[in-house]
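Enquirer: PDB, C-alpha atoms, pLDDT in the B column, saved as protein_31.pdb, coming up:
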ATOM      1  CA  MET O   1       7.846 -31.773  -6.053  1.00 60.00           C
ATOM      2  CA  SER O   2      11.460 -31.562  -4.877  1.00 68.00           C
ATOM      3  CA  ASP O   3      12.737 -28.762  -2.647  1.00 65.00           C
ATOM      4  CA  GLN O   4      14.684 -27.319  -5.600  1.00 70.00           C
ATOM      5  CA  GLU O   5      11.554 -27.300  -7.783  1.00 76.00           C
ATOM      6  CA  ALA O   6       9.512 -25.685  -5.001  1.00 74.00           C
ATOM      7  CA  ILE O   7      12.138 -22.948  -4.610  1.00 76.00           C
ATOM      8  CA  GLY O   8      12.223 -22.409  -8.391  1.00 80.00           C
ATOM      9  CA  GLU O   9       8.433 -22.020  -8.445  1.00 83.00           C
ATOM     10  CA  ALA O  10       8.558 -19.622  -5.486  1.00 81.00           C
ATOM     11  CA  VAL O  11      11.229 -17.485  -7.174  1.00 85.00           C
ATOM     12  CA  ALA O  12       9.279 -17.468 -10.451  1.00 87.00           C
ATOM     13  CA  ARG O  13       6.002 -16.487  -8.771  1.00 86.00           C
ATOM     14  CA  THR O  14       7.596 -13.817  -6.570  1.00 87.00           C
ATOM     15  CA  VAL O  15       9.710 -12.176  -9.285  1.00 90.00           C
ATOM     16  CA  ARG O  16       6.710 -12.039 -11.664  1.00 89.00           C
ATOM     17  CA  ALA O  17       4.494 -10.491  -8.986  1.00 87.00           C
ATOM     18  CA  LEU O  18       7.073  -7.936  -7.812  1.00 89.00           C
ATOM     19  CA  ARG O  19       8.033  -6.937 -11.352  1.00 89.00           C
ATOM     20  CA  ALA O  20       4.360  -6.469 -12.240  1.00 86.00           C
ATOM     21  CA  GLY O  21       3.828  -4.513  -9.028  1.00 85.00           C
ATOM     22  CA  HIS O  22       6.549  -2.078 -10.086  1.00 86.00           C
ATOM     23  CA  GLY O  23       5.063  -1.891 -13.585  1.00 89.00           C
ATOM     24  CA  TRP O  24       8.382  -2.956 -15.113  1.00 92.00           C
ATOM     25  CA  SER O  25       8.951  -4.878 -18.320  1.00 91.00           C
ATOM     26  CA  LEU O  26      11.389  -7.788 -18.430  1.00 92.00           C
ATOM     27  CA  ASP O  27      13.863  -5.486 -20.190  1.00 93.00           C
ATOM     28  CA  GLU O  28      13.575  -2.862 -17.452  1.00 93.00           C
ATOM     29  CA  LEU O  29      14.155  -5.326 -14.617  1.00 93.00           C
ATOM     30  CA  ALA O  30      17.027  -6.923 -16.545  1.00 92.00           C
ATOM     31  CA  GLY O  31      18.677  -3.517 -16.931  1.00 94.00           C
ATOM     32  CA  ARG O  32      18.175  -2.580 -13.280  1.00 93.00           C
ATOM     33  CA  ALA O  33      19.490  -5.941 -12.070  1.00 92.00           C
ATOM     34  CA  GLY O  34      22.351  -6.205 -14.544  1.00 93.00           C
ATOM     35  CA  VAL O  35      21.235  -9.626 -15.835  1.00 92.00           C
ATOM     36  CA  SER O  36      20.140 -10.746 -19.275  1.00 91.00           C
ATOM     37  CA  LYS O  37      16.514 -10.787 -20.312  1.00 92.00           C
ATOM     38  CA  GLY O  38      16.920 -14.491 -21.125  1.00 90.00           C
ATOM     39  CA  VAL O  39      17.909 -15.238 -17.527  1.00 90.00           C
ATOM     40  CA  LEU O  40      14.789 -13.434 -16.301  1.00 90.00           C
ATOM     41  CA  VAL O  41      12.505 -15.220 -18.772  1.00 90.00           C
ATOM     42  CA  GLY O  42      13.835 -18.583 -17.616  1.00 89.00           C
ATOM     43  CA  LEU O  43      13.577 -17.567 -13.978  1.00 88.00           C
ATOM     44  CA  GLU O  44       9.966 -16.356 -14.326  1.00 88.00           C
ATOM     45  CA  GLN O  45       9.056 -19.600 -16.082  1.00 88.00           C
ATOM     46  CA  GLY O  46      10.583 -21.674 -13.289  1.00 83.00           C
ATOM     47  CA  ARG O  47      13.372 -22.968 -15.539  1.00 82.00           C
ATOM     48  CA  GLY O  48      17.078 -22.821 -14.963  1.00 70.00           C
ATOM     49  CA  ASN O  49      19.105 -22.628 -11.811  1.00 74.00           C
ATOM     50  CA  PRO O  50      20.264 -19.029 -11.231  1.00 77.00           C
ATOM     51  CA  ASN O  51      23.307 -18.559  -9.072  1.00 78.00           C
ATOM     52  CA  LEU O  52      23.284 -16.685  -5.784  1.00 76.00           C
ATOM     53  CA  GLY O  53      24.841 -13.559  -7.312  1.00 80.00           C
ATOM     54  CA  THR O  54      22.054 -13.339  -9.892  1.00 86.00           C
ATOM     55  CA  LEU O  55      19.359 -13.750  -7.238  1.00 86.00           C
ATOM     56  CA  ILE O  56      20.972 -11.058  -5.083  1.00 85.00           C
ATOM     57  CA  ARG O  57      21.119  -8.608  -8.019  1.00 87.00           C
ATOM     58  CA  ILE O  58      17.445  -9.267  -8.806  1.00 91.00           C
ATOM     59  CA  SER O  59      16.335  -8.905  -5.179  1.00 87.00           C
ATOM     60  CA  ASP O  60      18.315  -5.645  -4.863  1.00 88.00           C
ATOM     61  CA  ALA O  61      16.731  -4.283  -8.046  1.00 91.00           C
ATOM     62  CA  LEU O  62      13.264  -5.198  -6.749  1.00 91.00           C
ATOM     63  CA  GLY O  63      13.997  -3.683  -3.337  1.00 87.00           C
ATOM     64  CA  VAL O  64      13.314  -6.839  -1.342  1.00 82.00           C
ATOM     65  CA  PRO O  65      15.507  -9.121   0.758  1.00 78.00           C
ATOM     66  CA  LEU O  66      16.792 -12.278  -0.906  1.00 78.00           C
ATOM     67  CA  THR O  67      14.728 -14.358   1.517  1.00 75.00           C
ATOM     68  CA  ARG O  68      11.556 -12.921  -0.060  1.00 78.00           C
ATOM     69  CA  LEU O  69      12.510 -14.375  -3.454  1.00 78.00           C
ATOM     70  CA  VAL O  70      13.137 -17.890  -2.208  1.00 75.00           C
ATOM     71  CA  GLN O  71      10.336 -18.077   0.354  1.00 73.00           C
ATOM     72  CA  VAL O  72       8.475 -21.253  -0.586  1.00 68.00           C
ATOM     73  CA  GLU O  73       5.355 -20.531   1.430  1.00 63.00           C
ATOM     74  CA  GLU O  74       2.985 -18.121  -0.203  1.00 58.00           C
ATOM     75  CA  GLN O  75       1.286 -15.442   1.794  1.00 63.00           C
ATOM     76  CA  PRO O  76      -2.055 -16.782   2.883  1.00 69.00           C
ATOM     77  CA  PRO O  77      -4.855 -15.728   0.538  1.00 74.00           C
ATOM     78  CA  VAL O  78      -6.565 -14.009   3.484  1.00 82.00           C
ATOM     79  CA  ARG O  79      -4.959 -12.099   6.359  1.00 81.00           C
ATOM     80  CA  LEU O  80      -7.334 -11.200   9.158  1.00 86.00           C
ATOM     81  CA  PHE O  81      -7.116  -8.016  11.224  1.00 85.00           C
ATOM     82  CA  PRO O  82      -9.500  -8.519  14.146  1.00 90.00           C
ATOM     83  CA  PRO O  83     -10.498  -5.471  16.225  1.00 93.00           C
ATOM     84  CA  GLU O  84      -7.711  -6.026  18.759  1.00 90.00           C
ATOM     85  CA  ARG O  85      -5.165  -5.511  15.949  1.00 87.00           C
ATOM     86  CA  HIS O  86      -6.602  -2.139  14.869  1.00 88.00           C
ATOM     87  CA  VAL O  87      -4.279   0.671  15.898  1.00 89.00           C
ATOM     88  CA  VAL O  88      -5.176   4.288  16.685  1.00 88.00           C
ATOM     89  CA  LEU O  89      -2.310   6.278  15.144  1.00 90.00           C
ATOM     90  CA  TRP O  90      -3.781   9.788  15.343  1.00 91.00           C
ATOM     91  CA  GLU O  91      -5.712  11.552  18.059  1.00 93.00           C
ATOM     92  CA  GLY O  92      -7.275  14.947  17.472  1.00 95.00           C
ATOM     93  CA  THR O  93      -7.424  17.803  19.931  1.00 96.00           C
ATOM     94  CA  PHE O  94     -11.151  17.249  20.520  1.00 97.00           C
ATOM     95  CA  GLY O  95     -11.159  13.429  20.643  1.00 97.00           C
ATOM     96  CA  GLY O  96     -11.130  12.446  16.982  1.00 97.00           C
ATOM     97  CA  THR O  97      -9.143   9.391  15.901  1.00 96.00           C
ATOM     98  CA  GLY O  98      -7.388   7.927  12.884  1.00 94.00           C
ATOM     99  CA  THR O  99      -7.376   4.126  13.170  1.00 93.00           C
ATOM    100  CA  LEU O 100      -5.357   1.821  10.926  1.00 93.00           C
ATOM    101  CA  LEU O 101      -7.638  -1.170  10.331  1.00 93.00           C
ATOM    102  CA  GLY O 102      -5.265  -3.253   8.231  1.00 88.00           C
ATOM    103  CA  GLY O 103      -2.610  -3.169   5.584  1.00 84.00           C
ATOM    104  CA  SER O 104      -0.440  -5.130   3.229  1.00 80.00           C
ATOM    105  CA  ASP O 105       3.292  -5.223   2.767  1.00 70.00           C
ATOM    106  CA  PRO O 106       5.750  -4.825   1.122  1.00 63.00           C
ATOM    107  CA  ARG O 107       5.249  -2.258  -1.619  1.00 63.00           C
ATOM    108  CA  PRO O 108       3.027  -1.797  -3.327  1.00 72.00           C
ATOM    109  CA  SER O 109       1.173  -1.523  -0.063  1.00 78.00           C
ATOM    110  CA  LEU O 110      -2.455  -0.885   0.706  1.00 87.00           C
ATOM    111  CA  GLU O 111      -3.778   0.554   3.978  1.00 91.00           C
ATOM    112  CA  LEU O 112      -7.352   0.808   5.208  1.00 94.00           C
ATOM    113  CA  TRP O 113      -8.246   3.501   7.760  1.00 95.00           C
ATOM    114  CA  ARG O 114     -11.305   4.629   9.705  1.00 98.00           C
ATOM    115  CA  TRP O 115     -11.306   8.300  10.677  1.00 98.00           C
ATOM    116  CA  GLU O 116     -13.476  10.212  13.111  1.00 98.00           C
ATOM    117  CA  LEU O 117     -13.018  13.979  13.279  1.00 98.00           C
ATOM    118  CA  ARG O 118     -14.835  16.150  15.775  1.00 98.00           C
ATOM    119  CA  PRO O 119     -16.013  19.637  14.767  1.00 98.00           C
ATOM    120  CA  GLY O 120     -13.002  21.898  14.203  1.00 98.00           C
ATOM    121  CA  GLU O 121     -10.434  19.103  13.831  1.00 98.00           C
ATOM    122  CA  VAL O 122      -8.057  18.933  10.882  1.00 97.00           C
ATOM    123  CA  ARG O 123      -5.560  16.204  10.027  1.00 96.00           C
ATOM    124  CA  GLU O 124      -2.789  17.522   7.793  1.00 94.00           C
ATOM    125  CA  SER O 125      -0.651  15.039   5.891  1.00 92.00           C
ATOM    126  CA  ASP O 126       2.721  15.437   4.273  1.00 87.00           C
ATOM    127  CA  PRO O 127       2.998  14.155   0.698  1.00 90.00           C
ATOM    128  CA  HIS O 128       3.518  10.402   0.445  1.00 87.00           C
ATOM    129  CA  VAL O 129       5.936   8.753  -2.000  1.00 84.00           C
ATOM    130  CA  PRO O 130       5.408   9.572  -5.697  1.00 87.00           C
ATOM    131  CA  GLY O 131       2.537   7.656  -7.248  1.00 89.00           C
ATOM    132  CA  THR O 132       0.542   7.222  -4.030  1.00 90.00           C
ATOM    133  CA  LYS O 133      -3.231   7.228  -4.519  1.00 95.00           C
ATOM    134  CA  GLU O 134      -5.955   7.582  -1.898  1.00 97.00           C
ATOM    135  CA  ILE O 135      -9.678   6.966  -1.936  1.00 98.00           C
ATOM    136  CA  VAL O 136     -12.041   8.293   0.697  1.00 98.00           C
ATOM    137  CA  TYR O 137     -15.691   7.506   1.456  1.00 98.00           C
ATOM    138  CA  VAL O 138     -17.703   9.732   3.816  1.00 98.00           C
ATOM    139  CA  GLU O 139     -19.941   7.679   6.101  1.00 98.00           C
ATOM    140  CA  GLU O 140     -21.331  10.582   8.124  1.00 98.00           C
ATOM    141  CA  GLY O 141     -20.874  14.355   8.119  1.00 98.00           C
ATOM    142  CA  VAL O 142     -19.099  16.632   5.659  1.00 98.00           C
ATOM    143  CA  LEU O 143     -15.395  16.229   4.902  1.00 98.00           C
ATOM    144  CA  THR O 144     -13.309  19.185   3.764  1.00 98.00           C
ATOM    145  CA  LEU O 145     -10.697  17.506   1.571  1.00 98.00           C
ATOM    146  CA  SER O 146      -7.722  19.733   0.756  1.00 98.00           C
ATOM    147  CA  VAL O 147      -5.273  18.520  -1.875  1.00 97.00           C
ATOM    148  CA  ASP O 148      -2.431  20.704  -3.118  1.00 94.00           C
ATOM    149  CA  GLY O 149      -4.283  23.923  -2.296  1.00 93.00           C
ATOM    150  CA  ARG O 150      -7.687  22.808  -3.635  1.00 96.00           C
ATOM    151  CA  ASN O 151     -10.606  22.350  -1.210  1.00 98.00           C
ATOM    152  CA  ASP O 152     -13.568  20.074  -1.903  1.00 98.00           C
ATOM    153  CA  LEU O 153     -16.574  19.410   0.352  1.00 98.00           C
ATOM    154  CA  LEU O 154     -17.607  15.762   0.409  1.00 98.00           C
ATOM    155  CA  GLU O 155     -21.025  15.080   1.911  1.00 98.00           C
ATOM    156  CA  THR O 156     -22.291  11.817   3.405  1.00 98.00           C
ATOM    157  CA  GLY O 157     -22.224   9.023   0.824  1.00 98.00           C
ATOM    158  CA  THR O 158     -19.633  10.720  -1.387  1.00 98.00           C
ATOM    159  CA  ALA O 159     -16.377   9.056  -2.431  1.00 98.00           C
ATOM    160  CA  ALA O 160     -13.305  10.659  -3.992  1.00 98.00           C
ATOM    161  CA  VAL O 161     -10.013   9.437  -5.410  1.00 98.00           C
ATOM    162  CA  PHE O 162      -6.998  11.727  -5.163  1.00 97.00           C
ATOM    163  CA  VAL O 163      -3.225  11.847  -5.386  1.00 95.00           C
ATOM    164  CA  GLY O 164      -1.538  11.369  -2.027  1.00 93.00           C
ATOM    165  CA  ASP O 165       1.889  12.491  -3.175  1.00 93.00           C
ATOM    166  CA  ARG O 166       0.975  16.158  -2.658  1.00 95.00           C
ATOM    167  CA  PRO O 167       0.225  18.048   0.554  1.00 95.00           C
ATOM    168  CA  HIS O 168      -3.286  17.138   1.681  1.00 97.00           C
ATOM    169  CA  ALA O 169      -5.582  17.432   4.679  1.00 97.00           C
ATOM    170  CA  TYR O 170      -8.877  16.138   6.015  1.00 98.00           C
ATOM    171  CA  GLY O 171     -11.007  18.558   7.996  1.00 98.00           C
ATOM    172  CA  ASN O 172     -14.317  18.867   9.776  1.00 98.00           C
ATOM    173  CA  ALA O 173     -15.565  22.436   9.498  1.00 97.00           C
ATOM    174  CA  GLY O 174     -19.115  21.375  10.361  1.00 96.00           C
ATOM    175  CA  ARG O 175     -21.000  21.250  13.655  1.00 96.00           C
ATOM    176  CA  HIS O 176     -21.395  17.449  13.747  1.00 97.00           C
ATOM    177  CA  ASP O 177     -18.963  14.551  13.974  1.00 98.00           C
ATOM    178  CA  LEU O 178     -17.391  13.330  10.730  1.00 98.00           C
ATOM    179  CA  ARG O 179     -16.685   9.673   9.959  1.00 98.00           C
ATOM    180  CA  PHE O 180     -14.923   8.436   6.837  1.00 98.00           C
ATOM    181  CA  ILE O 181     -13.084   5.416   5.484  1.00 98.00           C
ATOM    182  CA  LEU O 182      -9.749   5.920   3.717  1.00 97.00           C
ATOM    183  CA  ALA O 183      -7.659   3.563   1.605  1.00 96.00           C
ATOM    184  CA  VAL O 184      -4.058   4.428   0.721  1.00 93.00           C
ATOM    185  CA  LEU O 185      -2.229   2.711  -2.147  1.00 91.00           C
ATOM    186  CA  ASP O 186       1.483   3.356  -1.724  1.00 83.00           C
ATOM    187  CA  LEU O 187       3.296   2.399  -4.907  1.00 75.00           C
TER     188      LEU O 187
END
What would you get if you wrote out this structure as structure tokens?
Expert:
Amino acid sequence: MSDQEAIGEAVARTVRALRAGHGWSLDELAGRAGVSKGVLVGLEQGRGNPNLGTLIRISDALGVPLTRLVQVEEQPPVRLFPPERHVVLWEGTFGGTGTLLGGSDPRPSLELWRWELRPGEVRESDPHVPGTKEIVYVEEGVLTLSVDGRNDLLETGTAAVFVGDRPHAYGNAGRHDLRFILAVLDL
């Protein structure tokens, strides 16, 4: 495969994936980018030779740098996050922690967290971007999950899915430590 063919395949694969990630039709991306639907169809099928201006308009519409569209190397199918790459990003007043275990980029992004809250600790969160979803699984203890003014008690072994684009909080009102896993899908 020539360099030009490899770049065409990379552009096709990346544009298809990013458009699907946004949930956009070909018509919607064409309108946002100011290019014809026919140009996009050819581009997503690896045909044609779009000019630089067209590629820039498409990358701007998708919210990614031009280099992302023409990057020939795919992301590896597996990215490892060994323990030394885990990052504690929140520390509670009594020793609890919020640790980011791993994540993907760019949007849509997915983050995986491990939380430990000591009795009496609460982690309040501002609303995330519209469309954000979260899922929580309680490993040990009882989680008080507050979302947009509603409080739910989640006991050990319970999972819940909720909207993260509203004010929300995780709390430990119990007498024992609380441990839970959290995944955040930021659309």
Enquirer: Give me the residues near O:Leu154 as a PyMOL selection string, where near means some atom within 7 Å (using all atoms listed in the file) and where sequence neighbours in that chain fewer than 6 positions away do not count.
Expert: chain O and resi 138+142-144
Enquirer: Determine the nearest neighbour of O:Val147 from the options O:Gly102, O:Pro130, O:Pro65, O:Gly171, counting all atoms listed in the file.
Expert: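 Counting all atoms listed in the file, the residue closest to O:Val147 is O:Gly171.
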Enquirer: Determine the residue set returned by the PyMOL selection byres ((chain O and resi 157) around 6) for the present structure, and present it as a VMD selection string.
Expert: chain O and resid 138 to 139 156 158
Enquirer: For the file shown, report as a PyMOL selection string the outcome of the PyMOL selection byres ((chain O and resi 117) around 7) at residue level.
Expert: chain O and resi 96-97+115-116+118-119+121+172+177-179
Enquirer: Do you have the atom CA of O:Leu145-atom CA of O:Asp105 distance handy?
Expert: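 Computing the Euclidean distance for atom CA of O:Leu145 and atom CA of O:Asp105 yields 26.7 Å.
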Enquirer: Take the PyMOL selection byres ((chain O and resi 64) around 12), run it mentally on this structure, and tell me the resulting residues as a VMD selection string.
Expert: chain O and resid 14 to 15 18 to 19 55 to 63 65 to 71 105 to 108
Enquirer: Applying 7 Å and only C-alpha atoms, which residues near O:Leu89 remain after dropping the ones on its own chain fewer than 5 positions away? List them as a list in words.
Expert: Gly98, Thr99 and Leu100 of chain O
Enquirer: Out of O:Gly8, O:Ala33, O:Ala17, O:Pro82, which residue has the shortest atom-to-atom distance to O:Pro50 when counting all atoms listed in the file?
Expert: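 Answer, going by the shortest atom-to-atom distance: O:Gly8.
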Enquirer: Atom CA of O:Ala183 to atom CA of O:Gly95: how many Å, to one decimal?
Expert: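 Value for the atom CA of O:Ala183-atom CA of O:Gly95 distance: 21.7 Å.
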Enquirer: Which value, in Å to one decimal, gives the distance between atom CA of O:Arg114 and atom CA of O:Gly149?
Expert: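 Separating atom CA of O:Arg114 from atom CA of O:Gly149 is a distance of 23.8 Å.
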Enquirer: For O:Thr132, work out the shell of residues within 6 Å, counting only C-alpha atoms and skipping chain neighbours fewer than 3 positions away, then give it as a PyMOL selection string.
Expert: chain O and resi 129+164-165+185-187
Enquirer: With distances taken over all atoms listed in the file, which of O:Val184, O:Ala159, O:Ile135, O:Val35 is nearest to O:Gly103?
Expert: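 So, comparing all the options, the nearest one is O:Val184.
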Enquirer: Counting all atoms listed in the file, which residue out of O:Trp90, O:Gly141, O:Trp24, O:Glu124 sits closest to O:Arg175?
Expert: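 The shortest atom-to-atom distance to O:Arg175 comes from O:Gly141.
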Enquirer: With distances taken over all atoms listed in the file, which of O:Gly23, O:Gly120, O:Gly174, O:Arg166 is nearest to O:Leu153?
Expert: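 Nearest to O:Leu153: O:Gly174.
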